[in-house]
file data-v7.cif (mmCIF, C-alpha atoms and all ligand atoms)
data_entry
#
loop_
_atom_site.label_atom_id
_atom_site.label_comp_id
_atom_site.auth_asym_id
_atom_site.auth_seq_id
_atom_site.Cartn_x
_atom_site.Cartn_y
_atom_site.Cartn_z
CA MET W 1 152.44 4.23 54.12
CA ASN W 2 152.69 3.09 57.75
CA ILE W 3 151.79 5.98 60.03
CA LEU W 4 151.51 6.55 63.77
CA ILE W 5 149.57 9.63 64.89
CA MET W 6 150.27 11.12 68.30
CA GLY W 7 148.90 13.99 70.37
CA VAL W 8 147.12 14.61 73.66
CA ALA W 9 143.35 14.23 73.93
CA GLY W 10 141.91 17.41 72.44
CA ALA W 11 144.68 17.79 69.84
CA GLY W 12 142.26 16.79 67.09
CA LYS W 13 143.69 13.35 66.39
CA GLY W 14 140.31 11.85 65.50
CA THR W 15 139.56 14.51 62.89
CA MET W 16 142.99 14.27 61.25
CA ALA W 17 142.89 10.46 61.36
CA GLU W 18 139.61 10.51 59.39
CA ARG W 19 141.15 12.79 56.74
CA ILE W 20 144.32 10.69 56.40
CA LYS W 21 142.29 7.49 56.19
CA GLU W 22 140.24 8.85 53.29
CA HIS W 23 143.10 10.59 51.51
CA TYR W 24 145.46 7.62 51.56
CA ASN W 25 142.87 4.85 51.67
CA ILE W 26 144.46 3.11 54.63
CA PRO W 27 142.64 1.76 57.70
CA HIS W 28 142.52 3.90 60.84
CA ILE W 29 143.34 1.60 63.73
CA SER W 30 142.64 3.16 67.10
CA SER W 31 143.59 1.05 70.09
CA GLY W 32 140.33 1.89 71.89
CA GLU W 33 138.20 0.92 68.89
CA MET W 34 140.29 -2.23 68.37
CA PHE W 35 139.52 -3.34 71.94
CA ARG W 36 135.80 -2.61 71.61
CA GLU W 37 135.69 -4.56 68.33
CA ALA W 38 137.57 -7.58 69.75
CA ILE W 39 135.27 -7.60 72.78
CA ARG W 40 132.14 -7.30 70.61
CA GLN W 41 133.31 -10.21 68.42
CA GLU W 42 134.28 -12.18 71.54
CA THR W 43 137.67 -13.19 70.12
CA PRO W 44 139.99 -14.98 72.60
CA LEU W 45 142.02 -11.79 73.07
CA GLY W 46 138.85 -9.74 73.35
CA LYS W 47 137.58 -11.98 76.13
CA LEU W 48 140.90 -11.71 77.92
CA ALA W 49 140.97 -7.91 77.60
CA LYS W 50 137.39 -7.68 78.86
CA GLN W 51 138.32 -9.45 82.09
CA TYR W 52 140.83 -6.71 82.87
CA ILE W 53 138.55 -3.88 81.79
CA ASP W 54 135.62 -5.27 83.81
CA HIS W 55 137.83 -5.20 86.90
CA GLY W 56 138.85 -1.62 86.21
CA LEU W 57 142.40 -2.69 85.32
CA LEU W 58 144.61 -1.68 82.43
CA VAL W 59 144.95 -4.30 79.73
CA PRO W 60 148.52 -5.69 79.98
CA ASP W 61 150.94 -4.68 77.26
CA ASP W 62 151.46 -8.23 75.96
CA VAL W 63 147.71 -8.60 75.32
CA THR W 64 147.57 -5.25 73.55
CA ILE W 65 150.64 -5.88 71.43
CA THR W 66 149.32 -9.29 70.33
CA MET W 67 146.04 -7.64 69.37
CA VAL W 68 147.81 -4.90 67.40
CA LYS W 69 149.98 -7.46 65.66
CA GLU W 70 146.96 -9.57 64.63
CA ARG W 71 145.14 -6.49 63.42
CA LEU W 72 148.03 -5.15 61.34
CA ALA W 73 148.55 -8.55 59.73
CA LYS W 74 145.07 -8.35 58.14
CA PRO W 75 144.86 -7.86 54.36
CA ASP W 76 143.45 -4.29 54.57
CA CYS W 77 146.82 -3.17 55.97
CA THR W 78 148.76 -4.32 52.89
CA ASN W 79 149.08 -0.74 51.60
CA GLY W 80 149.69 0.73 55.02
CA TYR W 81 148.00 1.62 58.26
CA LEU W 82 147.30 4.58 60.48
CA LEU W 83 147.80 3.69 64.12
CA ASP W 84 146.32 5.83 66.89
CA GLY W 85 146.59 5.44 70.67
CA PHE W 86 149.37 2.83 70.67
CA PRO W 87 152.26 2.66 71.52
CA ARG W 88 152.02 5.26 74.26
CA THR W 89 154.84 4.19 76.60
CA MET W 90 158.47 3.27 75.98
CA ILE W 91 157.86 -0.34 77.05
CA GLN W 92 155.08 -0.64 74.49
CA THR W 93 157.28 1.02 71.89
CA GLY W 94 160.02 -1.59 72.29
CA ALA W 95 157.52 -4.43 71.85
CA PHE W 96 155.81 -2.66 68.97
CA GLU W 97 159.04 -2.03 67.06
CA LYS W 98 159.97 -5.68 67.38
CA ALA W 99 156.52 -6.84 66.27
CA MET W 100 156.61 -4.57 63.21
CA ASP W 101 160.06 -5.87 62.36
CA ASP W 102 158.65 -9.42 62.45
CA LEU W 103 155.74 -8.41 60.20
CA ASP W 104 157.94 -6.29 57.93
CA LYS W 105 155.60 -3.37 58.54
CA LYS W 106 157.83 -0.82 60.17
CA LEU W 107 156.59 2.72 60.67
CA ASP W 108 157.39 5.17 57.89
CA ILE W 109 156.42 8.27 59.77
CA VAL W 110 155.11 9.56 63.10
CA ILE W 111 152.80 12.58 63.07
CA ASN W 112 152.94 14.64 66.26
CA LEU W 113 150.08 17.10 66.79
CA ASN W 114 151.22 19.95 69.05
CA VAL W 115 148.68 22.19 70.77
CA ASP W 116 149.15 25.24 73.00
CA PHE W 117 147.82 24.82 76.51
CA GLU W 118 145.37 27.75 76.18
CA VAL W 119 143.88 26.29 73.00
CA LEU W 120 143.58 22.87 74.56
CA GLU W 121 141.95 24.33 77.66
CA GLU W 122 139.38 26.18 75.57
CA ARG W 123 138.59 23.07 73.52
CA ILE W 124 138.20 20.85 76.57
CA THR W 125 136.47 23.07 79.13
CA GLY W 126 134.19 24.51 76.42
CA ARG W 127 132.99 21.09 75.27
CA ARG W 128 129.31 20.26 75.72
CA LEU W 129 127.65 16.98 74.75
CA CYS W 130 124.04 16.09 74.01
CA LYS W 131 122.58 13.64 76.52
CA ASP W 132 120.37 12.09 73.85
CA CYS W 133 122.27 11.93 70.55
CA GLY W 134 125.89 12.51 71.64
CA ALA W 135 126.40 15.55 69.36
CA ILE W 136 129.39 17.64 70.45
CA TYR W 137 129.37 21.44 70.80
CA ASN W 138 131.80 24.04 72.11
CA ILE W 139 130.64 27.19 73.86
CA HIS W 140 133.58 29.12 72.36
CA ASN W 141 133.51 28.20 68.70
CA HIS W 142 130.64 25.81 68.02
CA LYS W 143 127.70 27.09 70.07
CA PRO W 144 124.24 25.56 69.89
CA LYS W 145 121.52 27.95 68.64
CA ILE W 146 119.86 27.90 72.07
CA GLU W 147 122.13 27.69 75.11
CA GLY W 148 122.12 24.22 76.67
CA VAL W 149 119.93 22.67 73.96
CA CYS W 150 120.98 20.35 71.13
CA ASP W 151 120.39 21.79 67.62
CA ILE W 152 119.83 18.34 66.17
CA CYS W 153 117.45 16.63 68.58
CA GLY W 154 116.51 19.21 71.24
CA GLY W 155 118.24 17.14 73.94
CA GLU W 156 119.86 18.65 77.01
CA LEU W 157 123.59 19.49 76.78
CA TYR W 158 126.00 18.59 79.57
CA GLN W 159 129.67 18.94 80.42
CA ARG W 160 131.66 15.78 81.15
CA SER W 161 132.89 15.76 84.74
CA ASP W 162 136.51 15.29 83.69
CA ASP W 163 136.49 18.10 81.12
CA THR W 164 138.07 20.53 83.60
CA THR W 165 141.33 22.49 83.63
CA ASN W 166 142.46 20.49 86.63
CA GLN W 167 141.89 17.13 84.92
CA LEU W 168 143.55 18.49 81.80
CA ARG W 169 146.68 19.33 83.81
CA ILE W 170 146.71 15.81 85.27
CA ARG W 171 146.36 14.27 81.81
CA LEU W 172 149.12 16.48 80.41
CA THR W 173 151.50 15.57 83.24
CA GLU W 174 150.85 11.89 82.59
CA TYR W 175 151.37 12.40 78.86
CA GLU W 176 154.62 14.25 79.45
CA HIS W 177 155.83 11.47 81.73
CA LEU W 178 154.76 8.38 79.74
CA THR W 179 154.34 9.40 76.13
CA LYS W 180 156.79 12.23 75.53
CA PRO W 181 159.71 9.74 75.68
CA VAL W 182 158.06 7.80 72.82
CA ILE W 183 157.98 10.97 70.70
CA ASP W 184 161.58 11.72 71.62
CA PHE W 185 162.57 8.19 70.61
CA TYR W 186 161.06 8.64 67.14
CA ILE W 187 162.51 12.16 66.84
CA GLY W 188 165.89 10.55 67.49
CA LYS W 189 165.28 8.23 64.55
CA GLY W 190 164.32 11.20 62.36
CA ASP W 191 160.81 9.89 61.78
CA VAL W 192 158.62 12.68 63.18
CA ILE W 193 156.53 15.33 61.41
CA GLN W 194 155.70 18.14 63.84
CA ILE W 195 152.34 19.80 63.16
CA ASP W 196 150.93 22.94 64.79
CA ALA W 197 147.49 21.69 65.80
CA SER W 198 146.50 24.93 67.56
CA GLN W 199 145.37 26.20 64.16
CA PRO W 200 141.88 25.79 62.69
CA VAL W 201 141.14 22.30 61.33
CA GLU W 202 141.58 23.18 57.64
CA ASP W 203 145.01 24.74 58.27
CA VAL W 204 146.13 21.74 60.31
CA TRP W 205 145.05 19.44 57.49
CA ASN W 206 146.82 21.52 54.82
CA ASP W 207 150.09 21.46 56.77
CA LEU W 208 149.76 17.75 57.38
CA LYS W 209 148.94 16.91 53.77
CA LYS W 210 151.87 18.99 52.49
CA ALA W 211 154.27 17.29 54.91
CA LEU W 212 153.08 13.80 53.90
CA GLU W 213 153.21 14.64 50.20
CA ALA W 214 156.77 15.94 50.59
CA LEU W 215 157.70 12.53 51.99
CA ASN W 216 156.22 10.68 49.05
CA GLY W 217 157.59 13.04 46.45
ZN ZN W 301 121.13 15.81 70.43
#
call {"tool": "encode", "arguments": {"input": "data-v7.cif", "output": "C-alpha cells", "more": "lines below"}}
Ligand SMILES: [Zn+2]
result
Amino acid sequence: MNILIMGVAGAGKGTMAERIKEHYNIPHISSGEMFREAIRQETPLGKLAKQYIDHGLLVPDDVTITMVKERLAKPDCTNGYLLDGFPRTMIQTGAFEKAMDDLDKKLDIVINLNVDFEVLEERITGRRLCKDCGAIYNIHNHKPKIEGVCDICGGELYQRSDDTTNQLRIRLTEYEHLTKPVIDFYIGKGDVIQIDASQPVEDVWNDLKKALEALNG
C-alpha cells in the first residue's frame, strides 16, 4: 500500500507512522530523515541539498523530488511506502504525482490527522525536553517524577523556544496556506481518510487501523 500521512506538527504523525510501518511492514520515509541520510552518505543530491541548508535556504523542489523518486525506487518500497513530510505544497504535489506515475507507484491513500487547536496547544506548550538524553515529557499528561528533572538520566528539562502559542499560530497559518490545498486536492480525488487525532494515541491508532483495513477488505 502506498500511503501519504499528513498533519501539522504536534498531530502525532511520528507515532502513527511508526505503528503503520510495523503493522504493514513498509518503510517510513520522512523527508527530513531522507535529507539527513543523503547528507550523511554524501550522495550527489545530499551534497547539493547541504549547500542550501548550510546557507539557511530551503532545498529547491526539483532536488527534493529527485531525492524522493530515487528513494521510492529502492527495492524496500516494492510492497509500498509511507511518505511523511512531502509533498507539502501544490507545486510539489504536481511534480510528485507525475514522478509516481512514471514509477508506477501512485498513492493509494492519504491519511489526514486532524487535531483541535486546544489539544495542539497543550501538546506543544506543555512539551519539555531533556538537555542530556533528549527524552520528551509533557507537563499536562506526561510529567517527570520531579519537576524540571529527567526521570531517565537526571538531566535538566527545558522548553524549546519555538514551542509557544504564538509560534504555533504562525505554523498553523502557514500550514493552512501551503498545505491545506494539497489535502483538498486529494479529497477531490476521493483518496483521503480523515482521522480525529485529538484522541488518546490508542484510540487514534484503532480508528486508523480500522479505516485502512476497510480499504483492503
Ligand atoms: Zn534525560
call {"tool": "closest_residue", "arguments": {"input": "data-v7.cif", "among": "W:Tyr175, W:Tyr52, W:Tyr81, W:Tyr158", "to": "W:His28", "atoms": "all atoms listed in the file"}}
result
W:Tyr81
call {"tool": "closest_residue", "arguments": {"input": "data-v7.cif", "among": "W:Asp196, W:Glu176, W:Asp162, W:Asp84", "to": "W:Leu113", "atoms": "only C-alpha atoms"}}
result
W:Asp196
call {"tool": "residues_near_point", "arguments": {"input": "data-v7.cif", "point": "(123.6, 10.7, 68.7)", "cutoff": "12 Å", "atoms": "only C-alpha atoms", "output": "PDB file with C-alpha atoms, in the frame of the given file"}}
result
ATOM      1  CA  LEU W 129     127.650  16.980  74.750  1.00  0.00           C
ATOM      2  CA  CYS W 130     124.040  16.090  74.010  1.00  0.00           C
ATOM      3  CA  LYS W 131     122.580  13.640  76.520  1.00  0.00           C
ATOM      4  CA  ASP W 132     120.370  12.090  73.850  1.00  0.00           C
ATOM      5  CA  CYS W 133     122.270  11.930  70.550  1.00  0.00           C
ATOM      6  CA  GLY W 134     125.890  12.510  71.640  1.00  0.00           C
ATOM      7  CA  ALA W 135     126.400  15.550  69.360  1.00  0.00           C
ATOM      8  CA  ILE W 136     129.390  17.640  70.450  1.00  0.00           C
ATOM      9  CA  CYS W 150     120.980  20.350  71.130  1.00  0.00           C
ATOM     10  CA  ASP W 151     120.390  21.790  67.620  1.00  0.00           C
ATOM     11  CA  ILE W 152     119.830  18.340  66.170  1.00  0.00           C
ATOM     12  CA  CYS W 153     117.450  16.630  68.580  1.00  0.00           C
ATOM     13  CA  GLY W 154     116.510  19.210  71.240  1.00  0.00           C
ATOM     14  CA  GLY W 155     118.240  17.140  73.940  1.00  0.00           C
ATOM     15  CA  LEU W 157     123.590  19.490  76.780  1.00  0.00           C
TER      16      LEU W 157
END
call {"tool": "residues_around", "arguments": {"input": "data-v7.cif", "residues": "W:Thr179", "least_positions_apart": "2", "cutoff": "12 Å", "atoms": "only C-alpha atoms", "output": "list in words"}}
result
Met6, Gly7, Val8, Gly85, Phe86, Pro87, Arg88, Thr89, Met90, Ile91, Gln92, Thr93, Asn112, Arg171, Leu172, Thr173, Glu174, Tyr175, Glu176, His177, Pro181, Val182, Ile183, Asp184, Phe185 and Tyr186 of chain W
call {"tool": "closest_residue", "arguments": {"input": "data-v7.cif", "among": "W:Ile193, W:Arg128, W:Lys47, W:Lys74", "to": "ligand ZN 301 (chain W)", "atoms": "only C-alpha atoms and all ligand atoms"}}
result
W:Arg128
call {"tool": "closest_residue", "arguments": {"input": "data-v7.cif", "among": "W:Met16, W:Val119, W:Met1, W:Leu72", "to": "W:Asp203", "atoms": "all atoms listed in the file"}}
result
W:Met16
call {"tool": "closest_residue", "arguments": {"input": "data-v7.cif", "among": "W:Arg160, W:Lys209, W:His142, W:Lys106", "to": "W:Lys21", "atoms": "only C-alpha atoms"}}
result
W:Lys209
call {"tool": "closest_residue", "arguments": {"input": "data-v7.cif", "among": "W:Leu168, W:Leu212, W:Val149, W:Leu107", "to": "ligand ZN 301 (chain W)", "atoms": "all atoms listed in the file"}}
result
W:Val149
call {"tool": "residues_around", "arguments": {"input": "data-v7.cif", "residues": "stretch 58-64 of chain W", "least_positions_apart": "3", "cutoff": "8 Å", "atoms": "all atoms listed in the file", "output": "PyMOL selection string"}}
result
chain W and resi 45+48-49+52-53+67-68+92
call {"tool": "axis_aligned_box", "arguments": {"input": "data-v7.cif", "around": "stretch 164-168 of chain W", "padding_each_side": "3 Å", "output": "AutoDock Vina command-line options"}}
result
--center_x 140.8 --center_y 19.8 --center_z 84.2 --size_x 11.5 --size_y 11.4 --size_z 10.8
